[in-house]
>>> print(open('start03.cif').read())   # mmCIF, C-alpha atoms
data_data
loop_
_atom_site.label_atom_id
_atom_site.label_comp_id
_atom_site.auth_asym_id
_atom_site.auth_seq_id
_atom_site.Cartn_x
_atom_site.Cartn_y
_atom_site.Cartn_z
CA MET A 5 14.59 -0.15 2.32
CA THR A 6 14.46 0.89 5.94
CA THR A 7 11.49 2.11 7.94
CA ALA A 8 12.99 5.62 7.84
CA GLU A 9 13.10 5.47 4.02
CA HIS A 10 9.48 4.28 3.90
CA LEU A 11 8.48 7.22 6.10
CA GLU A 12 10.38 9.63 3.84
CA THR A 13 8.53 8.25 0.81
CA ILE A 14 5.17 8.66 2.52
CA ASP A 15 6.02 12.21 3.65
CA ARG A 16 7.17 13.16 0.14
CA LEU A 17 3.95 11.83 -1.37
CA ARG A 18 1.82 13.66 1.22
CA ALA A 19 3.46 16.93 0.16
CA GLN A 20 3.34 16.23 -3.58
CA GLY A 21 0.52 17.26 -5.89
CA PHE A 22 -1.49 14.74 -7.87
CA SER A 23 -1.43 14.00 -11.58
CA GLU A 24 -4.49 14.72 -13.71
CA THR A 25 -4.01 11.38 -15.49
CA ARG A 26 -2.63 8.03 -14.39
CA VAL A 27 1.18 8.05 -14.66
CA ARG A 28 4.01 5.93 -13.34
CA SER A 29 7.39 7.23 -12.22
CA GLY A 30 9.76 4.67 -10.77
CA ALA A 31 8.00 2.86 -7.95
CA VAL A 32 5.10 5.34 -7.73
CA THR A 33 1.84 5.33 -9.68
CA SER A 34 -0.12 8.57 -9.45
CA GLY A 35 -3.51 9.63 -10.67
CA PRO A 36 -6.27 12.10 -9.93
CA GLY A 37 -6.23 12.41 -6.14
CA TYR A 38 -3.86 9.58 -5.29
CA HIS A 39 -0.35 8.11 -5.18
CA LEU A 40 0.43 4.39 -4.83
CA ALA A 41 4.02 3.59 -3.83
CA GLU A 42 5.88 0.30 -3.91
CA LEU A 43 7.90 0.36 -0.70
CA GLY A 44 9.64 -2.92 -1.36
CA PRO A 45 10.09 -5.37 -4.21
CA SER A 46 7.82 -8.22 -5.21
CA ARG A 47 9.81 -11.35 -5.90
CA TRP A 48 8.88 -14.02 -8.36
CA TYR A 49 8.79 -17.42 -6.69
CA GLY A 50 10.61 -19.44 -9.28
CA ASP A 51 12.62 -22.35 -8.01
CA GLU A 52 12.76 -21.12 -4.41
CA ASP A 53 11.85 -23.61 -1.75
CA ALA A 54 9.22 -23.12 0.93
CA ALA A 55 11.81 -22.02 3.51
CA ASP A 56 13.01 -19.17 1.24
CA ARG A 57 9.43 -18.04 0.71
CA ALA A 58 8.67 -18.15 4.43
CA ALA A 59 11.82 -16.17 5.25
CA HIS A 60 10.95 -13.48 2.72
CA GLU A 61 7.37 -13.24 3.93
CA ASP A 62 8.55 -13.04 7.56
CA GLN A 63 10.84 -10.15 6.59
CA LEU A 64 7.95 -8.36 4.86
CA ALA A 65 5.73 -8.85 7.93
CA ALA A 66 8.45 -7.38 10.16
CA GLU A 67 8.87 -4.32 7.89
CA TYR A 68 5.10 -3.87 7.68
CA GLY A 69 4.75 -4.06 11.47
CA ALA A 70 7.59 -1.61 12.08
CA LEU A 71 6.12 0.90 9.62
CA VAL A 72 2.64 0.65 11.16
CA ARG A 73 4.09 1.24 14.65
CA ARG A 74 5.97 4.36 13.49
CA LEU A 75 2.90 5.76 11.76
CA GLU A 76 0.80 5.05 14.85
CA ASP A 77 3.37 7.03 16.85
CA ARG A 78 2.62 9.97 14.54
CA TRP A 79 -1.14 9.76 14.01
CA GLY A 80 -2.49 7.37 16.63
CA ALA A 81 -4.03 3.96 16.21
CA SER A 82 -4.82 3.01 12.65
CA ASP A 83 -8.17 1.85 11.39
CA MET A 84 -7.99 -1.69 10.03
CA PHE A 85 -9.94 -1.28 6.80
CA SER A 86 -11.25 -4.38 5.02
CA LEU A 87 -11.12 -4.36 1.23
CA ILE A 88 -12.79 -7.72 0.64
CA GLY A 89 -16.21 -6.17 0.03
CA LEU A 90 -14.81 -4.04 -2.80
CA ARG A 91 -14.22 -7.17 -4.85
CA LEU A 92 -17.86 -8.11 -4.51
CA ARG A 93 -19.10 -4.85 -6.00
CA GLN A 94 -20.06 -4.92 -9.63
CA GLY A 95 -19.91 -2.30 -12.33
CA GLY A 96 -16.58 -0.78 -11.33
CA GLU A 97 -18.14 1.99 -9.25
CA THR A 98 -15.28 1.96 -6.73
CA ALA A 99 -12.99 4.94 -7.28
CA GLN A 100 -9.25 4.70 -7.65
CA PRO A 101 -7.06 4.10 -5.71
CA TRP A 102 -9.49 1.99 -3.65
CA ARG A 103 -10.33 -0.30 -6.58
CA GLU A 104 -6.68 -1.14 -7.20
CA MET A 105 -5.98 -1.66 -3.51
CA GLY A 106 -9.05 -3.90 -3.27
CA ASP A 107 -7.82 -5.95 -6.22
CA THR A 108 -4.51 -6.72 -4.50
CA ALA A 109 -5.13 -6.75 -0.73
CA ASP A 110 -7.68 -8.02 1.78
CA HIS A 111 -7.14 -5.21 4.28
CA LEU A 112 -4.99 -2.19 5.05
CA HIS A 113 -4.02 0.09 7.89
CA LEU A 114 -5.52 3.55 7.41
CA TRP A 115 -4.93 6.98 8.96
CA ARG A 116 -6.34 10.43 8.34
CA ALA A 117 -3.31 12.76 8.15
CA GLY A 118 -4.46 16.33 7.62
CA ASP A 119 -6.48 16.51 4.42
CA ARG A 120 -5.19 13.17 3.11
CA TRP A 121 -5.63 9.51 3.82
CA VAL A 122 -2.52 7.37 4.28
CA ALA A 123 -2.74 3.60 3.89
CA VAL A 124 -0.18 0.83 4.27
CA TYR A 125 -0.84 -2.68 2.99
CA ALA A 126 0.65 -5.85 1.53
CA ALA A 127 -0.28 -6.31 -2.13
CA HIS A 128 -0.63 -9.87 -3.40
CA TRP A 129 0.04 -10.17 -7.13
CA GLY A 130 -0.59 -13.91 -7.41
CA ALA A 131 0.60 -17.25 -6.10
CA ASP A 132 3.88 -17.06 -8.02
CA HIS A 133 4.90 -13.66 -6.52
CA SER A 134 5.76 -12.59 -3.03
CA PRO A 135 3.58 -10.05 -1.24
CA GLN A 136 4.77 -6.45 -1.69
CA LEU A 137 4.77 -3.67 0.89
CA MET A 138 2.78 -0.71 -0.44
CA ALA A 139 1.61 2.73 0.67
CA ALA A 140 -1.16 4.94 -0.62
CA VAL A 141 -1.72 8.66 -0.15
CA THR A 142 -5.05 9.98 -1.33
CA VAL A 143 -7.69 12.66 -0.94
CA VAL A 144 -10.33 10.21 -2.20
CA ASP A 145 -12.44 9.12 0.76
CA PRO A 146 -12.72 5.39 1.46
CA PRO A 147 -15.77 3.72 -0.06
#
>>> encode(input="start03.cif", output="structure tokens")
Amino acid sequence: MTTAEHLETIDRLRAQGFSETRVRSGAVTSGPGYHLAELGPSRWYGDEDAADRAAHEDQLAAEYGALVRRLEDRWGASDMFSLIGLRLRQGGETAQPWREMGDTADHLHLWRAGDRWVAVYAAHWGADHSPQLMAAVTVVDPP
């Protein structure tokens, strides 16, 4: 996907209503007050060598950086929001989508866009999968 396509996805999700229950449609998971969108694929690291992994991760970093720059052109500098502390909380009191983002990323770039929050981050699904470029649109305030 291109940066322009990522921006279109984010804009569509900003304009779209939210589901009353958690549902998945294609690359988007929606729930009460949020949408989580897979902007790129996660690859399984099977028999790939270290150079293939590094090349893929460099490509993801370039796409991530380009998307952040374009969103900063729209809404100004992002807040770098750490999610590490969410993992330390007990009892599951962190609301979705923040709990899910905290389970898969250490930090994200965050903007307030009108009445919604927009976040971009790289989800890590485990050592045997590549990071995945993700976006979140939510009315749920950060914890």
>>> closest_residue(input="start03.cif", among="A:Ala117, A:Glu97, A:Gly106, A:Glu67", to="Ser82 of chain A", atoms="all atoms listed in the file")
A:Ala117
>>> residues_around(input="start03.cif", residues="His111 of chain A", least_positions_apart="3", cutoff="8 Å", atoms="only C-alpha atoms", output="list in words")
Met84, Phe85, Ser86, Leu87, Ile88, Gly106 and Tyr125 of chain A
>>> closest_residue(input="start03.cif", among="A:Val32, A:Ala58, A:Met5, A:Leu64", to="Ala139 of chain A", atoms="all atoms listed in the file")
A:Val32
>>> resolve_selection(input="start03.cif", expression="the PyMOL selection byres ((chain A and resi 76) around 12)", output="list in words")
Leu11, Gly69, Ala70, Leu71, Val72, Arg73, Arg74, Leu75, Asp77, Arg78, Trp79, Gly80, Ala81, Ser82, Asp83, His113, Leu114, Trp115, Arg116, Ala117, Val122, Ala123 and Val124 of chain A
>>> resolve_selection(input="start03.cif", expression="the PyMOL selection byres ((chain A and resi 128) around 9)", output="PyMOL selection string")
chain A and resi 46+107-110+126-127+129-131+133-136
>>> residues_around(input="start03.cif", residues="Gln20 of chain A", least_positions_apart="5", cutoff="10 Å", atoms="only C-alpha atoms", output="PyMOL selection string")
chain A and resi 14-15+38-39+141
>>> closest_residue(input="start03.cif", among="A:Trp48, A:His10, A:Phe22, A:Asp56", to="Ser34 of chain A", atoms="only C-alpha atoms")
A:Phe22
>>> atom_distance(input="start03.cif", atom1="atom CA of Pro146 of chain A", atom2="atom CA of Trp102 of chain A")
6.9 Å
>>> residues_near_point(input="start03.cif", point="(-7.4, 8.9, -19.3)", cutoff="10 Å", atoms="all atoms listed in the file", output="PDB file with C-alpha atoms, in the coordinates of the input")
ATOM      1  CA  GLU A  24      -4.490  14.720 -13.710  1.00  0.00           C
ATOM      2  CA  THR A  25      -4.010  11.380 -15.490  1.00  0.00           C
ATOM      3  CA  ARG A  26      -2.630   8.030 -14.390  1.00  0.00           C
ATOM      4  CA  VAL A  27       1.180   8.050 -14.660  1.00  0.00           C
ATOM      5  CA  GLY A  35      -3.510   9.630 -10.670  1.00  0.00           C
ATOM      6  CA  PRO A  36      -6.270  12.100  -9.930  1.00  0.00           C
TER       7      PRO A  36
END
>>> decode(input="start03.cif", residues="segment 8-40 of chain A", atoms="N, CA and C atoms", output="mmCIF file, in the first residue's frame")
data_model
loop_
_atom_site.group_PDB
_atom_site.id
_atom_site.type_symbol
_atom_site.label_atom_id
_atom_site.label_comp_id
_atom_site.auth_asym_id
_atom_site.auth_seq_id
_atom_site.Cartn_x
_atom_site.Cartn_y
_atom_site.Cartn_z
ATOM 1 N N ALA A 8 -0.597 7.353 0.355
ATOM 2 C CA ALA A 8 -1.911 7.905 -0.005
ATOM 3 C C ALA A 8 -3.024 6.928 0.354
ATOM 4 N N GLU A 9 -2.826 5.652 0.129
ATOM 5 C CA GLU A 9 -3.842 4.649 0.486
ATOM 6 C C GLU A 9 -4.010 4.547 2.004
ATOM 7 N N HIS A 10 -2.903 4.644 2.741
ATOM 8 C CA HIS A 10 -2.991 4.635 4.205
ATOM 9 C C HIS A 10 -3.809 5.825 4.696
ATOM 10 N N LEU A 11 -3.558 6.996 4.105
ATOM 11 C CA LEU A 11 -4.306 8.199 4.485
ATOM 12 C C LEU A 11 -5.786 8.051 4.166
ATOM 13 N N GLU A 12 -6.107 7.457 3.021
ATOM 14 C CA GLU A 12 -7.509 7.216 2.664
ATOM 15 C C GLU A 12 -8.177 6.298 3.684
ATOM 16 N N THR A 13 -7.473 5.271 4.111
ATOM 17 C CA THR A 13 -8.021 4.353 5.111
ATOM 18 C C THR A 13 -8.300 5.093 6.415
ATOM 19 N N ILE A 14 -7.351 5.889 6.862
ATOM 20 C CA ILE A 14 -7.532 6.641 8.097
ATOM 21 C C ILE A 14 -8.700 7.615 7.965
ATOM 22 N N ASP A 15 -8.783 8.320 6.846
ATOM 23 C CA ASP A 15 -9.888 9.272 6.637
ATOM 24 C C ASP A 15 -11.237 8.564 6.622
ATOM 25 N N ARG A 16 -11.298 7.405 5.981
ATOM 26 C CA ARG A 16 -12.553 6.641 5.936
ATOM 27 C C ARG A 16 -12.971 6.213 7.337
ATOM 28 N N LEU A 17 -12.012 5.766 8.128
ATOM 29 C CA LEU A 17 -12.323 5.328 9.490
ATOM 30 C C LEU A 17 -12.706 6.503 10.389
ATOM 31 N N ARG A 18 -12.131 7.667 10.155
ATOM 32 C CA ARG A 18 -12.512 8.854 10.942
ATOM 33 C C ARG A 18 -13.961 9.240 10.675
ATOM 34 N N ALA A 19 -14.435 8.998 9.462
ATOM 35 C CA ALA A 19 -15.802 9.375 9.092
ATOM 36 C C ALA A 19 -16.818 8.284 9.421
ATOM 37 N N GLN A 20 -16.359 7.090 9.667
ATOM 38 C CA GLN A 20 -17.239 5.930 9.867
ATOM 39 C C GLN A 20 -17.690 5.825 11.316
ATOM 40 N N GLY A 21 -18.915 5.373 11.515
ATOM 41 C CA GLY A 21 -19.419 5.114 12.857
ATOM 42 C C GLY A 21 -18.758 3.891 13.459
ATOM 43 N N PHE A 22 -19.015 3.673 14.726
ATOM 44 C CA PHE A 22 -18.414 2.548 15.444
ATOM 45 C C PHE A 22 -19.441 1.450 15.672
ATOM 46 N N SER A 23 -18.951 0.241 15.778
ATOM 47 C CA SER A 23 -19.791 -0.919 16.047
ATOM 48 C C SER A 23 -20.103 -0.987 17.541
ATOM 49 N N GLU A 24 -21.262 -1.519 17.869
ATOM 50 C CA GLU A 24 -21.621 -1.708 19.285
ATOM 51 C C GLU A 24 -20.932 -2.920 19.893
ATOM 52 N N THR A 25 -20.485 -3.846 19.043
ATOM 53 C CA THR A 25 -19.758 -5.028 19.502
ATOM 54 C C THR A 25 -18.498 -5.153 18.661
ATOM 55 N N ARG A 26 -17.564 -5.944 19.131
ATOM 56 C CA ARG A 26 -16.312 -6.146 18.399
ATOM 57 C C ARG A 26 -16.587 -6.973 17.144
ATOM 58 N N VAL A 27 -16.219 -6.420 15.983
ATOM 59 C CA VAL A 27 -16.388 -7.111 14.710
ATOM 60 C C VAL A 27 -15.143 -6.894 13.858
ATOM 61 N N ARG A 28 -14.946 -7.808 12.929
ATOM 62 C CA ARG A 28 -13.822 -7.693 11.998
ATOM 63 C C ARG A 28 -14.364 -7.721 10.589
ATOM 64 N N SER A 29 -13.871 -6.794 9.762
ATOM 65 C CA SER A 29 -14.229 -6.746 8.348
ATOM 66 C C SER A 29 -12.962 -6.472 7.555
ATOM 67 N N GLY A 30 -12.493 -7.500 6.866
ATOM 68 C CA GLY A 30 -11.239 -7.356 6.126
ATOM 69 C C GLY A 30 -10.089 -7.083 7.081
ATOM 70 N N ALA A 31 -9.395 -5.977 6.846
ATOM 71 C CA ALA A 31 -8.232 -5.631 7.648
ATOM 72 C C ALA A 31 -8.567 -4.686 8.800
ATOM 73 N N VAL A 32 -9.851 -4.511 9.103
ATOM 74 C CA VAL A 32 -10.271 -3.573 10.150
ATOM 75 C C VAL A 32 -11.049 -4.313 11.240
ATOM 76 N N THR A 33 -10.650 -4.085 12.483
ATOM 77 C CA THR A 33 -11.388 -4.555 13.642
ATOM 78 C C THR A 33 -12.024 -3.334 14.284
ATOM 79 N N SER A 34 -13.320 -3.396 14.520
ATOM 80 C CA SER A 34 -14.041 -2.275 15.119
ATOM 81 C C SER A 34 -14.753 -2.740 16.382
ATOM 82 N N GLY A 35 -14.956 -1.787 17.257
ATOM 83 C CA GLY A 35 -15.675 -2.061 18.494
ATOM 84 C C GLY A 35 -16.263 -0.772 19.016
ATOM 85 N N PRO A 36 -16.809 -0.806 20.212
ATOM 86 C CA PRO A 36 -17.413 0.399 20.775
ATOM 87 C C PRO A 36 -16.387 1.530 20.917
ATOM 88 N N GLY A 37 -16.487 2.517 20.036
ATOM 89 C CA GLY A 37 -15.625 3.690 20.116
ATOM 90 C C GLY A 37 -14.284 3.587 19.437
ATOM 91 N N TYR A 38 -14.042 2.542 18.657
ATOM 92 C CA TYR A 38 -12.727 2.437 18.018
ATOM 93 C C TYR A 38 -12.742 1.617 16.726
ATOM 94 N N HIS A 39 -11.704 1.875 15.918
ATOM 95 C CA HIS A 39 -11.354 1.071 14.749
ATOM 96 C C HIS A 39 -9.846 0.820 14.817
ATOM 97 N N LEU A 40 -9.423 -0.395 14.539
ATOM 98 C CA LEU A 40 -8.017 -0.751 14.395
ATOM 99 C C LEU A 40 -7.826 -1.278 12.983
#
